[in-house]
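This is entry.tsv (TSV, C-alpha atoms).
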chain	number	residue	atom	x	y	z
A	1	MET	CA	0.00	0.00	0.00
A	2	SER	CA	1.40	3.37	-1.04
A	3	ARG	CA	1.08	6.18	1.45
A	4	PHE	CA	2.09	9.81	1.25
A	5	VAL	CA	1.76	12.43	3.95
A	6	LEU	CA	0.78	16.03	3.21
A	7	GLY	CA	0.70	17.93	6.45
A	8	ARG	CA	-2.36	16.29	7.96
A	9	SER	CA	-3.15	14.64	4.62
A	10	LYS	CA	-2.10	11.41	3.03
A	11	VAL	CA	-2.98	9.21	0.08
A	12	ALA	CA	-3.32	5.45	0.01
A	13	VAL	CA	-4.07	3.10	-2.89
A	14	THR	CA	-7.39	1.46	-2.12
A	15	SER	CA	-7.66	-2.24	-1.48
A	16	GLY	CA	-9.82	-2.50	-4.59
A	17	ALA	CA	-7.01	-1.16	-6.72
A	18	VAL	CA	-4.55	-3.59	-5.16
A	19	ALA	CA	-6.94	-6.48	-5.76
A	20	ALA	CA	-7.34	-5.44	-9.38
A	21	ALA	CA	-3.58	-5.40	-9.80
A	22	LEU	CA	-3.29	-8.87	-8.29
A	23	LEU	CA	-6.04	-10.14	-10.59
A	24	LEU	CA	-4.21	-8.74	-13.59
A	25	ALA	CA	-1.06	-10.53	-12.52
A	26	ALA	CA	-2.96	-13.79	-12.12
A	27	CYS	CA	-4.53	-13.45	-15.55
A	28	GLY	CA	-1.14	-12.72	-17.06
A	29	SER	CA	0.24	-15.98	-15.71
A	30	ASP	CA	-2.50	-18.02	-17.46
A	31	ASP	CA	-1.83	-18.78	-21.12
A	32	SER	CA	-5.47	-19.38	-22.10
A	33	GLY	CA	-6.89	-17.10	-24.79
A	34	SER	CA	-10.05	-16.43	-22.81
A	35	ASP	CA	-7.96	-15.14	-19.92
A	36	GLN	CA	-6.59	-12.41	-22.15
A	37	GLY	CA	-10.11	-11.11	-22.52
A	38	GLY	CA	-10.53	-11.29	-18.77
A	39	GLY	CA	-7.37	-9.24	-18.39
A	40	ASP	CA	-8.76	-6.59	-20.70
A	41	ASP	CA	-11.97	-6.46	-18.69
A	42	THR	CA	-10.00	-5.96	-15.50
A	43	ALA	CA	-7.88	-3.25	-17.09
A	44	GLY	CA	-11.07	-1.45	-18.04
A	45	GLU	CA	-12.33	-1.36	-14.45
A	46	SER	CA	-12.25	1.97	-12.70
A	47	THR	CA	-9.31	2.22	-10.29
A	48	THR	CA	-9.46	4.58	-7.36
A	49	ILE	CA	-7.17	5.82	-4.66
A	50	THR	CA	-8.21	7.09	-1.28
A	51	VAL	CA	-6.85	10.49	-0.35
A	52	GLU	CA	-6.83	11.34	3.34
A	53	ALA	CA	-7.04	15.05	2.60
A	54	THR	CA	-7.64	18.10	4.74
A	55	ASN	CA	-11.35	17.61	4.07
A	56	GLY	CA	-11.29	13.96	5.12
A	57	SER	CA	-10.96	10.56	3.49
A	58	VAL	CA	-11.90	10.90	-0.17
A	59	GLU	CA	-12.07	8.18	-2.81
A	60	VAL	CA	-10.71	9.62	-6.04
A	61	PRO	CA	-10.75	8.12	-9.54
A	62	VAL	CA	-7.37	7.52	-11.14
A	63	GLU	CA	-6.89	9.56	-14.32
A	64	PRO	CA	-10.10	11.59	-13.96
A	65	GLN	CA	-11.24	13.05	-17.26
A	66	ARG	CA	-13.14	16.15	-16.11
A	67	VAL	CA	-11.12	18.11	-13.57
A	68	VAL	CA	-11.94	21.46	-12.03
A	69	ALA	CA	-8.68	23.04	-10.82
A	70	LEU	CA	-9.18	25.73	-8.17
A	71	ASP	CA	-5.99	25.42	-6.10
A	72	ASN	CA	-3.41	27.65	-7.77
A	73	THR	CA	-0.54	25.80	-6.05
A	74	SER	CA	-1.31	22.71	-8.13
A	75	MET	CA	-1.88	24.27	-11.54
A	76	GLN	CA	1.66	24.21	-12.93
A	77	THR	CA	1.95	20.57	-11.92
A	78	LEU	CA	-1.36	19.74	-13.60
A	79	LYS	CA	-0.12	21.49	-16.72
A	80	ALA	CA	3.13	19.51	-16.63
A	81	PHE	CA	1.06	16.32	-16.40
A	82	GLY	CA	-0.92	17.27	-19.50
A	83	VAL	CA	-4.18	17.77	-17.62
A	84	GLU	CA	-6.73	19.96	-19.41
A	85	PRO	CA	-9.26	21.19	-16.83
A	86	VAL	CA	-12.92	21.85	-17.53
A	87	ALA	CA	-13.06	24.89	-15.22
A	88	VAL	CA	-10.53	27.17	-13.53
A	89	PRO	CA	-10.59	30.53	-11.70
A	90	LYS	CA	-9.64	32.55	-14.77
A	91	PRO	CA	-9.03	35.90	-13.01
A	92	LEU	CA	-6.56	34.16	-10.69
A	93	ILE	CA	-4.54	32.59	-13.52
A	94	ALA	CA	-4.54	35.67	-15.77
A	95	ASN	CA	-0.89	36.38	-14.92
A	96	ILE	CA	0.45	32.81	-14.88
A	97	PRO	CA	2.32	32.35	-18.20
A	98	GLU	CA	2.33	28.54	-18.14
A	99	VAL	CA	-1.47	28.32	-18.19
A	100	GLN	CA	-2.38	31.23	-20.44
A	101	ASP	CA	-3.94	28.82	-22.91
A	102	TRP	CA	-6.42	27.80	-20.19
A	103	HIS	CA	-7.26	31.44	-19.59
A	104	GLY	CA	-8.03	32.06	-23.25
A	105	ASP	CA	-9.84	28.79	-23.94
A	106	ASP	CA	-13.59	29.38	-24.11
A	107	SER	CA	-14.26	25.67	-23.65
A	108	ILE	CA	-12.79	25.93	-20.14
A	109	LEU	CA	-15.36	27.53	-17.86
A	110	ASP	CA	-14.56	30.37	-15.46
A	111	ALA	CA	-14.95	29.38	-11.81
A	112	GLY	CA	-14.49	33.00	-10.71
A	113	LEU	CA	-12.33	34.32	-7.90
A	114	HIS	CA	-12.45	33.08	-4.35
A	115	HIS	CA	-14.07	36.40	-3.40
A	116	GLU	CA	-16.96	35.67	-5.77
A	117	PRO	CA	-16.82	32.04	-6.92
A	118	GLN	CA	-18.97	30.92	-9.82
A	119	LEU	CA	-20.21	27.66	-8.37
A	120	GLU	CA	-22.82	27.40	-11.11
A	121	ALA	CA	-20.02	27.22	-13.66
A	122	VAL	CA	-18.28	24.53	-11.63
A	123	SER	CA	-21.47	22.50	-11.62
A	124	GLU	CA	-22.06	23.12	-15.32
A	125	ALA	CA	-18.58	21.73	-16.06
A	126	GLU	CA	-19.77	18.33	-14.75
A	127	PRO	CA	-16.44	17.43	-13.10
A	128	ASP	CA	-15.53	14.02	-11.78
A	129	LEU	CA	-12.86	15.65	-9.58
A	130	ILE	CA	-12.52	19.11	-8.04
A	131	ILE	CA	-9.10	20.10	-6.74
A	132	GLY	CA	-10.10	22.71	-4.20
A	133	GLY	CA	-8.61	24.16	-1.06
A	134	TYR	CA	-6.31	27.10	-0.32
A	135	ARG	CA	-8.06	30.26	-1.55
A	136	PHE	CA	-11.27	28.26	-2.13
A	137	SER	CA	-11.19	26.30	1.14
A	138	GLN	CA	-14.22	28.09	2.60
A	139	TYR	CA	-16.35	26.66	-0.21
A	140	THR	CA	-15.39	23.01	0.25
A	141	ASP	CA	-18.80	21.99	1.60
A	142	ASP	CA	-20.50	23.54	-1.42
A	143	LEU	CA	-18.04	21.96	-3.84
A	144	GLU	CA	-18.50	18.52	-2.31
A	145	LYS	CA	-22.19	18.72	-3.22
A	146	ILE	CA	-21.17	19.11	-6.88
A	147	ALA	CA	-18.52	16.41	-7.24
A	148	THR	CA	-15.67	14.59	-5.52
A	149	THR	CA	-13.50	17.31	-3.96
A	150	ILE	CA	-10.03	17.15	-2.43
A	151	GLU	CA	-8.01	19.73	-0.52
A	152	ILE	CA	-4.33	18.88	-0.87
A	153	THR	CA	-2.80	22.31	-0.43
A	154	PRO	CA	0.45	22.16	1.59
A	155	GLY	CA	-0.01	22.64	5.31
A	156	GLN	CA	0.23	26.19	6.64
A	157	GLU	CA	0.69	25.60	10.35
A	158	SER	CA	4.42	26.26	10.00
A	159	PRO	CA	6.67	27.55	7.18
A	160	GLY	CA	8.53	24.24	7.00
A	161	GLU	CA	5.29	22.32	6.64
A	162	TRP	CA	4.49	24.21	3.46
A	163	VAL	CA	7.81	23.45	1.79
A	164	GLU	CA	7.63	19.74	2.62
A	165	GLY	CA	3.99	19.69	1.61
A	166	LEU	CA	4.83	20.80	-1.91
A	167	LYS	CA	6.58	17.49	-2.52
A	168	ASN	CA	3.78	15.46	-1.02
A	169	GLN	CA	1.17	17.31	-3.05
A	170	THR	CA	3.13	16.49	-6.19
A	171	GLU	CA	3.31	12.82	-5.25
A	172	ILE	CA	-0.44	12.72	-4.64
A	173	LEU	CA	-1.20	14.32	-8.00
A	174	GLY	CA	1.22	11.88	-9.62
A	175	GLU	CA	-0.77	8.99	-8.16
A	176	ILE	CA	-4.12	10.45	-9.20
A	177	PHE	CA	-3.09	11.12	-12.79
A	178	ASN	CA	-0.80	8.10	-13.15
A	179	LYS	CA	2.21	10.38	-13.61
A	180	GLN	CA	4.46	9.00	-10.91
A	181	ASP	CA	7.65	9.28	-12.97
A	182	GLU	CA	6.90	12.87	-13.92
A	183	ALA	CA	6.15	13.69	-10.28
A	184	ALA	CA	9.44	12.15	-9.19
A	185	ALA	CA	11.34	14.25	-11.74
A	186	ILE	CA	9.66	17.45	-10.55
A	187	ILE	CA	10.52	16.63	-6.94
A	188	GLU	CA	14.11	15.82	-7.87
A	189	GLU	CA	14.52	19.26	-9.46
A	190	PHE	CA	12.94	20.88	-6.41
A	191	ASP	CA	15.24	19.06	-3.99
A	192	ALA	CA	18.28	20.05	-6.04
A	193	ALA	CA	17.22	23.71	-6.00
A	194	VAL	CA	16.65	23.66	-2.24
A	195	ALA	CA	20.04	22.03	-1.69
A	196	ALA	CA	21.78	24.65	-3.84
A	197	ALA	CA	20.08	27.53	-2.03
A	198	THR	CA	20.83	26.00	1.36
A	199	GLU	CA	24.50	25.62	0.50
A	200	ALA	CA	24.68	29.22	-0.76
A	201	THR	CA	23.25	30.75	2.43
A	202	SER	CA	25.18	31.01	5.68
A	203	GLY	CA	23.27	32.80	8.42
A	204	GLU	CA	22.53	36.07	6.63
A	205	THR	CA	19.70	38.29	7.86
A	206	VAL	CA	16.90	39.12	5.46
A	207	PHE	CA	13.92	41.45	5.22
A	208	LEU	CA	10.97	39.72	3.56
A	209	GLY	CA	9.06	42.46	1.80
A	210	ALA	CA	5.71	42.90	0.09
A	211	ALA	CA	5.86	45.74	-2.42
A	212	GLY	CA	2.60	47.32	-3.48
A	213	GLY	CA	0.62	50.52	-3.35
A	214	GLY	CA	3.79	52.58	-3.46
A	215	SER	CA	5.31	51.12	-0.29
A	216	VAL	CA	7.07	48.02	1.03
A	217	ASP	CA	5.57	46.24	4.01
A	218	ASN	CA	6.18	43.02	5.89
A	219	GLY	CA	5.75	40.10	3.50
A	220	ALA	CA	6.76	37.27	5.81
A	221	GLY	CA	3.22	35.98	6.04
A	222	ARG	CA	3.34	35.10	2.37
A	223	ILE	CA	6.99	34.38	1.61
A	224	GLY	CA	8.42	33.44	5.00
A	225	ARG	CA	7.92	29.83	3.91
A	226	ILE	CA	10.70	30.24	1.37
A	227	ILE	CA	13.48	30.59	3.91
A	228	ALA	CA	12.31	27.75	6.17
A	229	PRO	CA	14.88	25.22	4.84
A	230	LEU	CA	17.60	27.83	4.27
A	231	ASP	CA	20.29	29.25	6.54
A	232	LEU	CA	18.67	32.69	6.62
A	233	SER	CA	17.14	34.72	9.43
A	234	ASP	CA	14.10	36.99	9.09
A	235	VAL	CA	15.00	40.24	10.86
A	236	PHE	CA	11.40	40.67	12.01
A	237	ALA	CA	10.78	37.06	13.02
A	238	ASP	CA	10.37	38.01	16.68
A	239	GLU	CA	8.36	41.17	16.07
A	240	ASP	CA	4.57	41.42	16.29
A	241	LEU	CA	3.90	42.46	12.72
A	242	ASP	CA	0.80	41.78	10.64
A	243	SER	CA	1.53	38.61	8.67
A	244	GLY	CA	-1.07	39.63	6.10
A	245	ALA	CA	0.44	43.05	5.51
A	246	HIS	CA	0.30	42.62	1.73
A	247	HIS	CA	-3.44	43.16	2.25
A	248	ASN	CA	-3.41	45.31	5.39
A	249	ASP	CA	-0.90	48.04	6.23
A	250	SER	CA	1.08	46.89	9.27
A	251	GLY	CA	2.51	50.33	9.85
A	252	LEU	CA	6.08	49.13	9.29
A	253	ALA	CA	8.15	52.25	8.61
A	254	PRO	CA	11.14	52.28	6.23
A	255	GLU	CA	13.18	53.70	9.09
A	256	THR	CA	12.46	50.60	11.17
A	257	VAL	CA	13.78	48.37	8.40
A	258	ALA	CA	16.88	50.57	8.18
A	259	GLN	CA	17.40	50.28	11.93
A	260	TYR	CA	17.50	46.47	11.68
A	261	ASN	CA	19.85	46.78	8.68
A	262	PRO	CA	19.28	43.35	7.08
A	263	ASP	CA	21.95	41.86	4.84
A	264	TRP	CA	19.43	41.01	2.12
A	265	MET	CA	15.94	41.85	0.97
A	266	ILE	CA	13.67	39.31	-0.69
A	267	ALA	CA	10.43	40.84	-1.93
A	268	PHE	CA	7.44	40.08	-4.10
A	269	ASP	CA	5.55	42.57	-6.25
A	270	PHE	CA	1.91	42.35	-5.21
A	271	ASP	CA	0.65	44.87	-7.75
A	272	ALA	CA	2.41	43.23	-10.68
A	273	ALA	CA	1.18	39.77	-9.68
A	274	THR	CA	-2.42	40.93	-9.44
A	275	GLY	CA	-2.28	43.05	-12.60
A	276	THR	CA	-2.84	46.41	-10.90
A	277	GLU	CA	-2.80	49.02	-13.65
A	278	GLY	CA	-0.52	52.03	-13.30
A	279	ALA	CA	1.30	50.64	-10.26
A	280	SER	CA	4.98	51.32	-9.68
A	281	PRO	CA	7.30	48.29	-10.04
A	282	ALA	CA	8.70	46.80	-6.84
A	283	ARG	CA	12.29	47.76	-7.60
A	284	GLU	CA	11.30	51.35	-8.26
A	285	ILE	CA	9.51	51.53	-4.91
A	286	ILE	CA	12.50	50.01	-3.12
A	287	ASP	CA	14.98	52.37	-4.76
A	288	SER	CA	12.86	55.37	-3.78
A	289	GLN	CA	13.17	54.68	-0.04
A	290	GLU	CA	15.67	57.28	1.13
A	291	ALA	CA	15.80	55.72	4.60
A	292	TRP	CA	17.40	52.63	3.09
A	293	ALA	CA	20.26	54.37	1.30
A	294	ASP	CA	22.89	53.24	3.82
A	295	THR	CA	21.55	49.76	4.52
A	296	THR	CA	23.65	46.74	3.65
A	297	PHE	CA	21.10	45.31	1.24
A	298	VAL	CA	21.02	48.55	-0.77
A	299	GLN	CA	24.74	49.33	-0.59
A	300	GLU	CA	25.64	45.80	-1.71
A	301	ASP	CA	22.68	45.55	-4.11
A	302	GLN	CA	21.56	42.42	-2.30
A	303	ILE	CA	17.94	42.62	-3.34
A	304	ILE	CA	15.94	39.75	-4.81
A	305	ILE	CA	12.61	40.46	-6.48
A	306	LEU	CA	10.67	37.23	-6.86
A	307	PRO	CA	9.24	36.33	-10.27
A	308	THR	CA	6.02	38.26	-10.88
A	309	PRO	CA	3.69	35.22	-10.95
A	310	PHE	CA	4.98	33.81	-7.65
A	311	TYR	CA	2.18	35.32	-5.57
A	312	VAL	CA	-0.47	33.61	-7.72
A	313	THR	CA	1.35	30.31	-8.26
A	314	GLU	CA	3.14	29.31	-5.02
A	315	GLY	CA	3.47	25.69	-6.10
A	316	ILE	CA	6.48	23.42	-6.38
A	317	HIS	CA	7.52	24.81	-9.77
A	318	ALA	CA	7.42	28.38	-8.46
A	319	TYR	CA	9.44	27.46	-5.38
A	320	THR	CA	11.98	25.58	-7.49
A	321	GLU	CA	12.52	28.72	-9.58
A	322	VAL	CA	12.87	30.89	-6.47
A	323	TYR	CA	15.41	28.58	-4.82
A	324	ARG	CA	17.48	28.64	-8.00
A	325	GLN	CA	17.22	32.44	-8.00
A	326	ILE	CA	18.39	32.62	-4.38
A	327	ALA	CA	21.25	30.19	-5.00
A	328	ASP	CA	22.47	32.23	-7.97
A	329	ALA	CA	22.19	35.56	-6.13
A	330	PHE	CA	23.95	34.45	-2.96
A	331	THR	CA	26.64	32.56	-4.85
A	332	GLY	CA	27.29	35.62	-6.99
A	333	ALA	CA	27.61	37.81	-3.91
A	334	ALA	CA	30.05	35.51	-2.14
Let me see whether you can do it: turn the structure in this file into structure tokens.
Amino acid sequence: MSRFVLGRSKVAVTSGAVAAALLLAACGSDDSGSDQGGGDDTAGESTTITVEATNGSVEVPVEPQRVVALDNTSMQTLKAFGVEPVAVPKPLIANIPEVQDWHGDDSILDAGLHHEPQLEAVSEAEPDLIIGGYRFSQYTDDLEKIATTIEITPGQESPGEWVEGLKNQTEILGEIFNKQDEAAAIIEEFDAAVAAATEATSGETVFLGAAGGGSVDNGAGRIGRIIAPLDLSDVFADEDLDSGAHHNDSGLAPETVAQYNPDWMIAFDFDAATGTEGASPAREIIDSQEAWADTTFVQEDQIIILPTPFYVTEGIHAYTEVYRQIADAFTGAA
């Protein structure tokens, strides 16, 4: 029995699937012609796996044909697996390059944003699997009334849980879509990127910023997960700052950041990721902060701006890219 853990979630191949596999093996050992037909019948049977997800124990069909993808952390993996969904939250994926064809495909229905979900469109899509959770987690009960729904978003109880959960989520999706080899390759690249970034860092302090609306606030609530496996220290880790400051002004003053004088800044551009028209780019906002002129991260140009789509992707592919970016930046500064 295969078993993968995802925070509080896990996936196990059902006993029915195991029995089917054993029956196939038995048929294969018999050289009678009629048994070949029996083998074909068995192969045609629906195989399921049971996912012990955040929303409970859910029996899921293997290789589902009509998938509604709502969890943005899984979308790049689904794309890599060749999955073509029947509905997605199109406003959310508008700035994700890898899935732009989904955004422009009229045959793929728009599930709306998590602020105003279009549950009617989800129902109209007639899915046999809904990958929910994360931004859409509050609608799980409603989604379960439409079709089989799983929440396999990485755990958020601690930063480290998220990073580990990315791998487990990928393994689960690999099992569901019969793409175990592809999942293993994705995880291998992720592990290599984490290892490279870990080796490149050596106890440096960092300010995790959220740039948007003309200012830079505390972004640790969104990107603090990145540094969990690395040898980096968030300068505001022990301070009582609003972890959702990319939505709500925490009141963090530029002078306070300067006082802590972090070695590095890692920031994401909220306005660019959400397509805010007329907004100033993150680097322009950072460079305009006079209070930071004498800080180490400005003087040494030790500033990393995360890829624009990161805020709306946040999956294993996005994290792999970021760890490579960090490894390159820190190695170059050494």
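Taking only C-alpha atoms into account, Ala193 in chain A lies nearest to A:Thr320 out of the set A:Thr276, A:Thr170, A:Thr320, A:Thr48.
The coordinates place CA of Thr201 in chain A at 6.6 Å from CA of Phe330 in chain A.
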Every residue with an atom at most 10 Å from (9.6, 28.4, -8.3) (file coordinates; all atoms listed in the file) is what I'm after, so could you write them as a short mmCIF file (atom, residue, chain, number, x, y, z; two decimals) with C-alpha atoms, in the coordinates of the input?
data_model
loop_
_atom_site.label_atom_id
_atom_site.label_comp_id
_atom_site.auth_asym_id
_atom_site.auth_seq_id
_atom_site.Cartn_x
_atom_site.Cartn_y
_atom_site.Cartn_z
CA PHE A 190 12.94 20.88 -6.41
CA ALA A 193 17.22 23.71 -6.00
CA ILE A 226 10.70 30.24 1.37
CA LEU A 306 10.67 37.23 -6.86
CA PRO A 307 9.24 36.33 -10.27
CA PRO A 309 3.69 35.22 -10.95
CA PHE A 310 4.98 33.81 -7.65
CA THR A 313 1.35 30.31 -8.26
CA GLU A 314 3.14 29.31 -5.02
CA GLY A 315 3.47 25.69 -6.10
CA ILE A 316 6.48 23.42 -6.38
CA HIS A 317 7.52 24.81 -9.77
CA ALA A 318 7.42 28.38 -8.46
CA TYR A 319 9.44 27.46 -5.38
CA THR A 320 11.98 25.58 -7.49
CA GLU A 321 12.52 28.72 -9.58
CA VAL A 322 12.87 30.89 -6.47
CA TYR A 323 15.41 28.58 -4.82
CA ARG A 324 17.48 28.64 -8.00
CA GLN A 325 17.22 32.44 -8.00
#
Quiz item: So how many Å separate CA of Glu199 in chain A and CA of Ile227 in chain A, to one decimal?
Solution: 12.6 Å
Self-check item: Spatial neighbours of Lys167 in chain A, max dist 10 Å, all atoms listed in the file, sep filter under 2 positions, as a list in words
Solution: Phe4, Val5, Leu6, Pro154, Trp162, Val163, Glu164, Gly165, Gln169, Thr170, Glu171, Ile172, Ala183, Ala184, Ile186, Ile187, Glu188, Phe190, Asp191, Gly315 and Ile316 of chain A
Exercise. Might you pull out every residue within 8 Å of Leu109 in chain A, with all atoms listed in the file counted and same-chain residues fewer than 4 positions away left off, and present them as a PyMOL selection string?
Key: chain A and resi 86-88+121-122+125
Practice problem: Name the residues in contact with range 71-83 of chain A at a cut-off of 10 Å, using all atoms listed in the file, excluding same-chain residues fewer than 4 positions from it; report them as a PyMOL selection string. | Solution: chain A and resi 63-67+88-89+92-93+96-99+102+130-137+150-154+166+169-170+173-174+177-180+182-183+186+310-318
Put those residues in a file: C-alpha atoms, as an mmCIF file, in the frame of the given file.
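Output (out.cif):
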data_model
loop_
_atom_site.group_PDB
_atom_site.id
_atom_site.type_symbol
_atom_site.label_atom_id
_atom_site.label_comp_id
_atom_site.auth_asym_id
_atom_site.auth_seq_id
_atom_site.Cartn_x
_atom_site.Cartn_y
_atom_site.Cartn_z
ATOM 1 C CA GLU A 63 -6.890 9.560 -14.320
ATOM 2 C CA PRO A 64 -10.100 11.590 -13.960
ATOM 3 C CA GLN A 65 -11.240 13.050 -17.260
ATOM 4 C CA ARG A 66 -13.140 16.150 -16.110
ATOM 5 C CA VAL A 67 -11.120 18.110 -13.570
ATOM 6 C CA VAL A 88 -10.530 27.170 -13.530
ATOM 7 C CA PRO A 89 -10.590 30.530 -11.700
ATOM 8 C CA LEU A 92 -6.560 34.160 -10.690
ATOM 9 C CA ILE A 93 -4.540 32.590 -13.520
ATOM 10 C CA ILE A 96 0.450 32.810 -14.880
ATOM 11 C CA PRO A 97 2.320 32.350 -18.200
ATOM 12 C CA GLU A 98 2.330 28.540 -18.140
ATOM 13 C CA VAL A 99 -1.470 28.320 -18.190
ATOM 14 C CA TRP A 102 -6.420 27.800 -20.190
ATOM 15 C CA ILE A 130 -12.520 19.110 -8.040
ATOM 16 C CA ILE A 131 -9.100 20.100 -6.740
ATOM 17 C CA GLY A 132 -10.100 22.710 -4.200
ATOM 18 C CA GLY A 133 -8.610 24.160 -1.060
ATOM 19 C CA TYR A 134 -6.310 27.100 -0.320
ATOM 20 C CA ARG A 135 -8.060 30.260 -1.550
ATOM 21 C CA PHE A 136 -11.270 28.260 -2.130
ATOM 22 C CA SER A 137 -11.190 26.300 1.140
ATOM 23 C CA ILE A 150 -10.030 17.150 -2.430
ATOM 24 C CA GLU A 151 -8.010 19.730 -0.520
ATOM 25 C CA ILE A 152 -4.330 18.880 -0.870
ATOM 26 C CA THR A 153 -2.800 22.310 -0.430
ATOM 27 C CA PRO A 154 0.450 22.160 1.590
ATOM 28 C CA LEU A 166 4.830 20.800 -1.910
ATOM 29 C CA GLN A 169 1.170 17.310 -3.050
ATOM 30 C CA THR A 170 3.130 16.490 -6.190
ATOM 31 C CA LEU A 173 -1.200 14.320 -8.000
ATOM 32 C CA GLY A 174 1.220 11.880 -9.620
ATOM 33 C CA PHE A 177 -3.090 11.120 -12.790
ATOM 34 C CA ASN A 178 -0.800 8.100 -13.150
ATOM 35 C CA LYS A 179 2.210 10.380 -13.610
ATOM 36 C CA GLN A 180 4.460 9.000 -10.910
ATOM 37 C CA GLU A 182 6.900 12.870 -13.920
ATOM 38 C CA ALA A 183 6.150 13.690 -10.280
ATOM 39 C CA ILE A 186 9.660 17.450 -10.550
ATOM 40 C CA PHE A 310 4.980 33.810 -7.650
ATOM 41 C CA TYR A 311 2.180 35.320 -5.570
ATOM 42 C CA VAL A 312 -0.470 33.610 -7.720
ATOM 43 C CA THR A 313 1.350 30.310 -8.260
ATOM 44 C CA GLU A 314 3.140 29.310 -5.020
ATOM 45 C CA GLY A 315 3.470 25.690 -6.100
ATOM 46 C CA ILE A 316 6.480 23.420 -6.380
ATOM 47 C CA HIS A 317 7.520 24.810 -9.770
ATOM 48 C CA ALA A 318 7.420 28.380 -8.460
#
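If you measure from each of A:Asp128, A:Ala111, A:Val194, A:Ile146 to Val60 in chain A using only C-alpha atoms, the closest one turns out to be A:Asp128.
Note that the spacing between CA of Asp181 in chain A and CA of Ile49 in chain A amounts to 17.3 Å.
Nearest-residue note for Glu120 in chain A: choosing from A:Ala327, A:Leu143, A:Ala237, A:Ala69, the minimum distance belongs to A:Leu143, counting all atoms listed in the file.
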Quiz item: From the set A:Asp269, A:Glu300, A:Glu189, A:Glu157, which residue has the shortest atom-to-atom contact distance to Gly209 in chain A, counting all atoms listed in the file?
Solution: A:Asp269
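You can rank A:Leu230, A:Ala334, A:Leu252, A:Ile266 by their closest distance to Phe207 in chain A using all atoms listed in the file, and at the top of that list sits A:Ile266.
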Quiz item: Of the residues A:Ala147, A:Gly251, A:Glu175, A:Gln100, which is the one nearest to Val62 in chain A, using only C-alpha atoms?
Solution: A:Glu175
